$ cat my_file37.txt   # compact mmCIF, C-alpha atoms
# COMPACT_ATOMS: atom_id res chain seq x y z
CA MET W 1 90.22 115.19 112.37
CA ARG W 2 87.38 116.11 110.05
CA ILE W 3 84.15 117.20 111.68
CA GLU W 4 81.88 115.18 109.33
CA ILE W 5 83.84 112.00 110.08
CA LEU W 6 83.65 112.71 113.82
CA LEU W 7 79.87 113.24 113.60
CA THR W 8 79.45 110.01 111.61
CA LEU W 9 81.50 108.13 114.22
CA LEU W 10 79.38 109.62 117.01
CA GLY W 11 76.22 108.53 115.16
CA MET W 12 77.64 105.01 114.71
CA GLY W 13 78.53 104.93 118.41
CA ALA W 14 75.08 106.15 119.43
CA VAL W 15 73.14 103.51 117.47
CA THR W 16 75.57 100.81 118.62
CA TYR W 17 75.19 101.79 122.27
CA LEU W 18 71.43 101.98 121.86
CA THR W 19 71.28 98.33 120.72
CA ARG W 20 73.38 97.30 123.71
CA VAL W 21 71.67 99.27 126.44
CA LEU W 22 68.07 98.64 125.38
CA PHE W 23 67.56 95.20 126.90
CA ILE W 24 70.16 95.51 129.66
CA VAL W 25 68.66 98.65 131.17
CA PHE W 26 65.27 99.51 129.70
CA LEU W 27 63.28 96.48 128.46
CA ASP W 28 62.30 93.03 129.68
CA ASP W 29 63.92 90.04 128.01
CA GLU W 30 60.72 88.51 126.70
CA ARG W 31 59.67 91.35 124.43
CA LEU W 32 61.04 89.84 121.20
CA SER W 33 58.82 87.54 119.16
CA PRO W 34 60.26 84.13 118.17
CA PHE W 35 60.20 85.17 114.51
CA VAL W 36 62.27 88.30 115.24
CA ARG W 37 64.70 86.23 117.31
CA ARG W 38 65.18 83.89 114.37
CA CYS W 39 65.75 86.86 112.03
CA LEU W 40 68.37 88.28 114.38
CA ARG W 41 70.19 84.94 114.43
CA PHE W 42 70.86 85.26 110.69
CA VAL W 43 71.79 88.94 110.62
CA PRO W 44 75.58 88.40 110.76
CA VAL W 45 75.57 85.98 107.80
CA ALA W 46 73.18 88.19 105.82
CA VAL W 47 75.20 91.36 106.44
CA LEU W 48 78.56 89.85 105.57
CA THR W 49 77.21 88.26 102.37
CA SER W 50 75.57 91.52 101.30
CA ILE W 51 78.91 93.29 101.60
CA ILE W 52 81.11 90.65 100.04
CA ILE W 53 79.12 89.67 96.95
CA PRO W 54 78.95 93.08 95.23
CA LEU W 55 82.63 93.68 96.10
CA VAL W 56 83.78 90.48 94.37
CA ALA W 57 81.09 89.89 91.70
CA ALA W 58 80.77 93.51 90.57
CA PRO W 59 84.04 95.34 91.30
CA GLY W 60 83.87 98.96 90.17
CA GLY W 61 80.13 98.65 89.59
CA ARG W 62 80.32 96.28 86.59
CA PHE W 63 78.65 92.86 87.04
CA SER W 64 81.22 90.21 86.10
CA PRO W 65 80.86 86.88 87.93
CA THR W 66 83.36 85.26 85.59
CA TRP W 67 86.79 83.69 85.87
CA ASP W 68 88.52 86.60 84.13
CA ASN W 69 87.49 88.83 87.05
CA PRO W 70 90.41 88.58 89.52
CA TYR W 71 88.22 89.68 92.46
CA PHE W 72 85.71 86.91 91.82
CA LEU W 73 88.44 84.29 91.49
CA ALA W 74 90.32 85.52 94.55
CA GLY W 75 87.04 85.63 96.50
CA PHE W 76 86.43 81.95 95.85
CA LEU W 77 89.91 80.87 96.85
CA THR W 78 89.86 83.13 99.93
CA ALA W 79 86.60 81.48 101.03
CA GLY W 80 88.30 78.08 100.67
CA LEU W 81 91.25 79.31 102.70
CA ALA W 82 88.90 80.66 105.39
CA ALA W 83 87.09 77.32 105.58
CA ALA W 84 90.38 75.44 105.86
CA THR W 85 92.11 77.67 108.44
CA LYS W 86 89.29 79.55 110.26
CA ASN W 87 91.97 82.16 110.94
CA LEU W 88 91.31 85.81 110.08
CA VAL W 89 94.92 86.96 109.70
CA ILE W 90 95.88 84.02 107.45
CA THR W 91 92.72 84.57 105.39
CA VAL W 92 93.43 88.28 104.85
CA LEU W 93 97.09 87.72 103.98
CA GLY W 94 96.17 84.81 101.67
CA GLY W 95 93.46 86.91 100.02
CA ILE W 96 95.95 89.71 99.32
CA GLY W 97 98.30 87.10 97.83
CA PHE W 98 95.54 85.71 95.57
CA ILE W 99 94.46 89.13 94.26
CA LEU W 100 98.04 90.16 93.48
CA LEU W 101 98.61 86.90 91.64
CA PHE W 102 95.39 87.05 89.60
CA LYS W 103 95.84 90.69 88.69
CA ILE W 104 99.15 89.71 87.13
CA LEU W 105 97.78 86.57 85.44
CA VAL W 106 94.50 87.99 84.15
CA VAL W 107 95.48 91.44 82.92
CA MET X 1 89.83 89.44 134.19
CA ILE X 2 92.23 86.51 133.91
CA ASP X 3 89.52 84.72 131.92
CA ALA X 4 89.63 87.57 129.40
CA LEU X 5 93.33 87.17 128.55
CA PRO X 6 92.65 84.78 125.62
CA ILE X 7 90.30 87.32 124.01
CA MET X 8 92.85 90.06 124.66
CA VAL X 9 95.20 88.00 122.49
CA SER X 10 92.57 87.10 119.87
CA VAL X 11 91.29 90.67 119.53
CA PHE X 12 94.77 92.07 118.91
CA PRO X 13 95.43 90.86 115.32
CA PHE X 14 91.82 91.75 114.45
CA GLY X 15 92.51 95.32 115.64
CA LEU X 16 95.75 95.48 113.67
CA VAL X 17 93.89 94.44 110.50
CA TYR X 18 91.18 97.03 111.22
CA GLY X 19 93.76 99.77 111.77
CA VAL X 20 95.57 99.03 108.51
CA LEU X 21 92.35 98.86 106.49
CA ALA X 22 90.95 102.00 108.15
CA VAL X 23 93.78 104.19 106.91
CA LYS X 24 93.61 102.49 103.49
CA SER X 25 89.90 103.41 103.42
CA GLY X 26 90.71 107.08 103.95
CA LEU X 27 90.47 107.51 107.72
CA THR X 28 93.37 109.03 109.62
CA ALA X 29 95.05 107.10 112.45
CA VAL X 30 93.36 109.33 115.02
CA GLU X 31 89.95 108.82 113.37
CA ALA X 32 90.49 105.05 113.40
CA LEU X 33 91.38 105.19 117.10
CA LEU X 34 88.35 107.37 117.86
CA SER X 35 86.15 104.89 115.98
CA SER X 36 87.41 102.12 118.26
CA ILE X 37 86.75 104.24 121.36
CA ILE X 38 83.33 105.59 120.36
CA VAL X 39 81.89 102.54 118.61
CA LEU X 40 83.85 99.64 120.16
CA ALA X 41 82.30 97.09 117.80
CA GLY X 42 84.57 95.21 115.42
CA ALA X 43 82.00 94.15 112.85
CA SER X 44 80.39 97.60 112.61
CA GLN X 45 83.70 99.34 112.30
CA PHE X 46 84.84 96.97 109.53
CA ILE X 47 81.57 97.37 107.68
CA SER X 48 81.82 101.15 107.76
CA LEU X 49 85.18 101.07 105.94
CA PRO X 50 84.04 100.37 102.35
CA LEU X 51 81.30 102.97 102.91
CA PHE X 52 83.78 105.59 104.13
CA ALA X 53 86.01 104.70 101.17
CA ALA X 54 83.09 105.15 98.74
CA GLY X 55 82.35 108.53 100.31
CA VAL X 56 78.69 107.72 101.00
CA GLY X 57 76.55 109.87 103.27
CA PRO X 58 76.57 109.55 107.07
CA TRP X 59 72.96 108.26 107.27
CA VAL X 60 73.73 105.24 105.10
CA ILE X 61 76.73 104.41 107.29
CA ILE X 62 74.82 104.91 110.55
CA GLY X 63 71.80 102.92 109.27
CA THR X 64 74.00 100.04 108.11
CA VAL X 65 75.82 99.99 111.45
CA PHE X 66 72.49 99.85 113.26
CA ILE X 67 71.43 96.75 111.31
CA VAL X 68 74.77 95.07 111.97
CA ASN X 69 74.25 95.70 115.68
CA ILE X 70 70.69 94.55 116.19
CA ARG X 71 72.15 91.19 117.19
CA HIS X 72 72.98 92.98 120.47
CA PHE X 73 69.24 92.89 121.25
CA ILE X 74 69.44 89.11 121.66
CA MET X 75 72.71 89.23 123.56
CA GLY X 76 71.48 92.04 125.81
CA ALA X 77 68.20 90.25 126.51
CA ALA X 78 70.07 87.05 127.42
CA ILE X 79 72.66 88.73 129.64
CA SER X 80 70.19 91.08 131.33
CA GLY X 81 68.32 88.09 132.76
CA LYS X 82 71.55 86.96 134.42
CA MET X 83 72.37 90.31 136.04
CA LYS X 84 71.16 90.32 139.61
CA GLU X 85 72.04 93.95 140.41
CA PRO X 86 69.24 96.42 139.62
CA GLU X 87 71.26 99.70 139.78
CA VAL X 88 70.94 101.61 136.53
CA PHE X 89 74.26 103.44 136.36
CA PRO X 90 76.56 100.37 136.52
CA ARG X 91 74.28 98.68 133.99
CA LEU X 92 74.77 101.68 131.67
CA ILE X 93 78.54 101.15 131.95
CA ALA X 94 78.30 97.39 131.47
CA SER X 95 76.21 97.92 128.32
CA TYR X 96 79.10 99.74 126.65
CA PHE X 97 81.22 96.58 126.99
CA LEU X 98 78.72 94.17 125.44
CA VAL X 99 80.63 92.80 122.45
CA ASP X 100 80.63 89.33 120.86
CA GLU X 101 83.73 88.22 122.73
CA THR X 102 82.73 89.43 126.21
CA PHE X 103 79.25 87.99 125.71
CA ALA X 104 80.71 84.58 124.87
CA LEU X 105 82.88 84.74 128.01
CA ALA X 106 79.98 85.83 130.21
CA ALA X 107 77.78 83.05 128.82
CA ALA X 108 80.47 80.51 129.72
CA ALA X 109 80.81 82.07 133.18
CA TRP X 110 77.12 81.87 134.11
CA ASP X 111 77.04 78.25 132.98
CA THR X 112 79.91 77.22 135.23
CA ASP X 113 79.78 79.51 138.27
CA ARG X 114 76.51 80.99 139.48
CA THR X 115 78.13 83.16 142.14
CA THR X 116 79.97 85.44 139.68
CA SER X 117 78.49 88.92 139.18
CA ILE X 118 77.77 88.87 135.46
CA ARG X 119 77.61 92.65 135.43
CA ASP X 120 81.10 93.05 136.88
CA TYR X 121 82.34 90.19 134.73
CA LEU X 122 81.17 92.03 131.61
CA ILE X 123 82.86 95.27 132.71
CA GLY X 124 86.13 93.51 133.65
CA SER X 125 86.44 91.46 130.48
CA GLY X 126 85.33 94.51 128.45
CA ILE X 127 88.15 96.63 129.83
CA VAL X 128 90.69 93.92 128.98
CA ALA X 129 89.36 93.27 125.46
CA GLY X 130 88.68 96.96 124.79
CA SER X 131 92.16 98.13 125.72
CA SER X 132 93.65 95.47 123.44
CA TRP X 133 91.33 96.68 120.65
CA LEU X 134 92.36 100.35 121.06
CA VAL X 135 96.09 99.68 121.17
CA SER X 136 95.99 97.31 118.18
CA THR X 137 93.81 99.70 116.14
CA TYR X 138 96.29 102.52 116.58
CA MET X 139 99.31 100.33 115.90
CA GLY X 140 97.64 98.97 112.76
CA ALA X 141 96.77 102.47 111.57
CA VAL X 142 100.32 103.76 112.06
CA PHE X 143 101.71 100.70 110.29
CA GLY X 144 99.13 101.07 107.50
CA ASN X 145 100.37 104.61 106.85
CA LEU X 146 103.84 103.20 106.18
CA LEU X 147 102.46 100.95 103.42
CA GLY X 148 102.13 102.47 99.99
CA ASP X 149 99.39 102.61 97.36
CA PRO X 150 96.56 100.26 98.44
CA THR X 151 95.64 99.04 94.95
CA ARG X 152 99.20 98.15 94.02
CA LEU X 153 99.56 96.09 97.21
CA GLY X 154 96.26 94.24 96.80
CA LEU X 155 94.88 96.03 99.83
CA ASP X 156 91.72 97.01 97.97
CA PHE X 157 90.76 93.34 98.24
CA ALA X 158 91.82 93.04 101.88
CA VAL X 159 88.49 94.35 103.21
CA ALA X 160 86.59 91.72 101.19
CA ALA X 161 89.05 89.05 102.38
CA ALA X 162 88.50 90.10 106.01
CA PHE X 163 84.71 89.80 105.59
CA ILE X 164 85.09 86.40 103.94
CA GLY X 165 87.24 85.33 106.90
CA LEU X 166 84.48 86.45 109.29
CA LEU X 167 81.63 84.91 107.28
CA ILE X 168 82.84 81.39 106.50
CA PRO X 169 83.16 80.13 110.12
CA GLN X 170 79.53 81.18 110.70
CA ILE X 171 78.17 78.83 108.03
CA LYS X 172 76.98 76.00 110.23
CA GLY X 173 74.25 74.41 108.15
CA LYS X 174 71.62 74.65 105.46
CA PRO X 175 69.76 77.71 106.84
CA GLU X 176 72.96 79.76 106.68
CA ILE X 177 73.54 78.67 103.07
CA VAL X 178 69.98 79.70 102.15
CA VAL X 179 70.54 83.08 103.86
CA MET X 180 73.80 83.51 101.97
CA LEU X 181 72.23 82.82 98.56
CA TRP X 182 69.28 85.14 99.10
CA SER X 183 71.42 87.89 100.61
CA ALA X 184 73.69 87.63 97.57
CA LEU X 185 70.74 88.04 95.19
CA PHE X 186 69.10 90.86 97.15
CA SER X 187 72.32 92.79 97.65
CA LEU X 188 73.24 92.57 93.96
CA PHE X 189 69.75 93.65 92.96
CA PHE X 190 69.79 96.71 95.23
CA TYR X 191 73.42 97.44 94.34
CA PHE X 192 72.43 97.92 90.71
CA PHE X 193 68.92 99.30 90.99
CA ILE X 194 68.87 101.50 94.11
CA PRO X 195 71.25 104.47 94.16
CA GLY X 196 73.15 105.42 97.32
CA ASN X 197 74.70 102.25 98.75
CA TRP X 198 71.62 101.02 100.62
CA TYR X 199 72.27 97.51 99.30
CA ILE X 200 74.01 96.26 102.46
CA LEU X 201 71.16 97.40 104.68
CA LEU X 202 68.36 96.09 102.43
CA GLY X 203 70.16 92.86 101.48
CA SER X 204 70.84 92.13 105.15
CA ILE X 205 67.28 92.65 106.32
CA LEU X 206 65.69 90.60 103.54
CA GLY X 207 68.38 87.90 103.79
CA ALA X 208 67.86 87.53 107.53
CA VAL X 209 64.09 87.30 107.06
CA THR X 210 64.50 84.42 104.58
CA GLY X 211 66.55 82.67 107.29
CA ALA X 212 63.70 83.05 109.76
CA LEU X 213 61.23 81.79 107.14
CA VAL X 214 63.14 78.56 106.46
CA THR X 215 63.71 77.71 110.13
CA SER X 216 61.43 77.03 113.07
CA ASP X 217 61.95 77.55 116.79
CA ALA X 218 62.63 73.84 117.16
CA ASP X 219 65.89 74.18 115.19
$ encode --input "my_file37.txt" --output "structure tokens"
Amino acid sequence: MRIEILLTLLGMGAVTYLTRVLFIVFLDDERLSPFVRRCLRFVPVAVLTSIIIPLVAAPGGRFSPTWDNPYFLAGFLTAGLAAATKNLVITVLGGIGFILLFKILVV
Amino acid sequence: MIDALPIMVSVFPFGLVYGVLAVKSGLTAVEALLSSIIVLAGASQFISLPLFAAGVGPWVIIGTVFIVNIRHFIMGAAISGKMKEPEVFPRLIASYFLVDETFALAAAAWDTDRTTSIRDYLIGSGIVAGSSWLVSTYMGAVFGNLLGDPTRLGLDFAVAAAFIGLLIPQIKGKPEIVVMLWSALFSLFFYFFIPGNWYILLGSILGAVTGALVTSDAD
């Protein structure tokens, strides 16, 4: 157990709890403007996309949205698999399969 | 609590995946378990993993986690209106258990049965789902330690695959596609031009705002 990891986890827990407790204990429900509510609706999609795209389109910090980039190729096929199965475990296992395959084929 | 058994089952593989990826991202099994106890938020914990692996500073991780969690505002506002009991302390406990899965269950419960205490329902289903999450995290972490070099096994891509698996089912229509495209552009831009891994935070905020701009309250 490293102290800096523990402190980071405590910080993550604190901001997470804050978002949960705010409207349940401290604020009225009607304090959010409609525009903010609409923003919040799209946060999950925006967050996930912002994580995924640099990971697959620029692995190791080099921009390469091309078919000879195994991460990009595997990302596409994994998205197809996710759409077809809607199952997280199958998607992760399939994604690992794709990346292993393309690393062999491409390199 | 019986109602929560399906999410106990559905949370379990998710926790296993988290546990495996957490140790592959450099956390120890105990740190992964502590993360599940302290944070108890699947999406936030997943999102922290590539940041821990990249060795970025704690403020970037905490800031990113905050943005991921602001959806709790909406869930908290909705569920608070359904809680009849005014006592603060039990509400403080119930707040800890507000996660996507227990919220979905509670929303179904107040639609069908108006006599249920939503507060107690949230705590009960939270204990069931949370215990499944803790056990599966630890089991996944221990199992992950038995696996070898992450790059050789394709596990460096597993985090991206997990996020893709979480994202795709949420694409329900054109607004989500617009949000995806803009978030992709913004995140890539900040990834290359702003040092320090702020791209997730900035890409998310700007992407979500474009979603609000292309929709109206009538949608």
$ interface_residues --input "my_file37.txt" --of "chain X" --to "chain W" --cutoff "6 Å" --atoms "only C-alpha atoms" --output "PyMOL selection string"
chain X and resi 35+38-39+58+62+66+70-73+76-77+80+95+154+158+160-162+164-165+168+180+183-184+187-188+200+203-204+207-209+212
$ atom_distance --input "my_file37.txt" --atom1 "CA of Trp67 in chain W" --atom2 "CA of Leu105 in chain W"
11.4 Å
$ atom_distance --input "my_file37.txt" --atom1 "CA of Ala32 in chain X" --atom2 "CA of Ala129 in chain X"
16.9 Å
$ atom_distance --input "my_file37.txt" --atom1 "CA of Thr115 in chain X" --atom2 "CA of Lys84 in chain X"
10.3 Å
$ residues_around --input "my_file37.txt" --residues "Ala141 in chain X" --least-positions-apart "5" --cutoff "7 Å" --atoms "all atoms listed in the file" --output "ChimeraX atom specification"
/X:19-20,22-23,29
$ residues_around --input "my_file37.txt" --residues "Leu206 in chain X" --least-positions-apart "4" --cutoff "8 Å" --atoms "all atoms listed in the file" --output "list of chain:residue names"
X:Trp182, X:Ser183, X:Phe186, X:Leu202, X:Thr210
$ closest_residue --input "my_file37.txt" --among "X:Thr64, X:Gln170, X:Ser216, X:Thr102" --to "Ile123 in chain X" --atoms "only C-alpha atoms"
X:Thr102
$ residues_near_point --input "my_file37.txt" --point "(79.1, 96.1, 122.6)" --cutoff "6 Å" --atoms "only C-alpha atoms" --output "mmCIF file with C-alpha atoms, in the frame of the given file"
data_model
loop_
_atom_site.group_PDB
_atom_site.id
_atom_site.type_symbol
_atom_site.label_atom_id
_atom_site.label_comp_id
_atom_site.auth_asym_id
_atom_site.auth_seq_id
_atom_site.Cartn_x
_atom_site.Cartn_y
_atom_site.Cartn_z
ATOM 1 C CA ARG W 20 73.380 97.300 123.710
ATOM 2 C CA ALA X 41 82.300 97.090 117.800
ATOM 3 C CA TYR X 96 79.100 99.740 126.650
ATOM 4 C CA PHE X 97 81.220 96.580 126.990
ATOM 5 C CA LEU X 98 78.720 94.170 125.440
ATOM 6 C CA VAL X 99 80.630 92.800 122.450
#
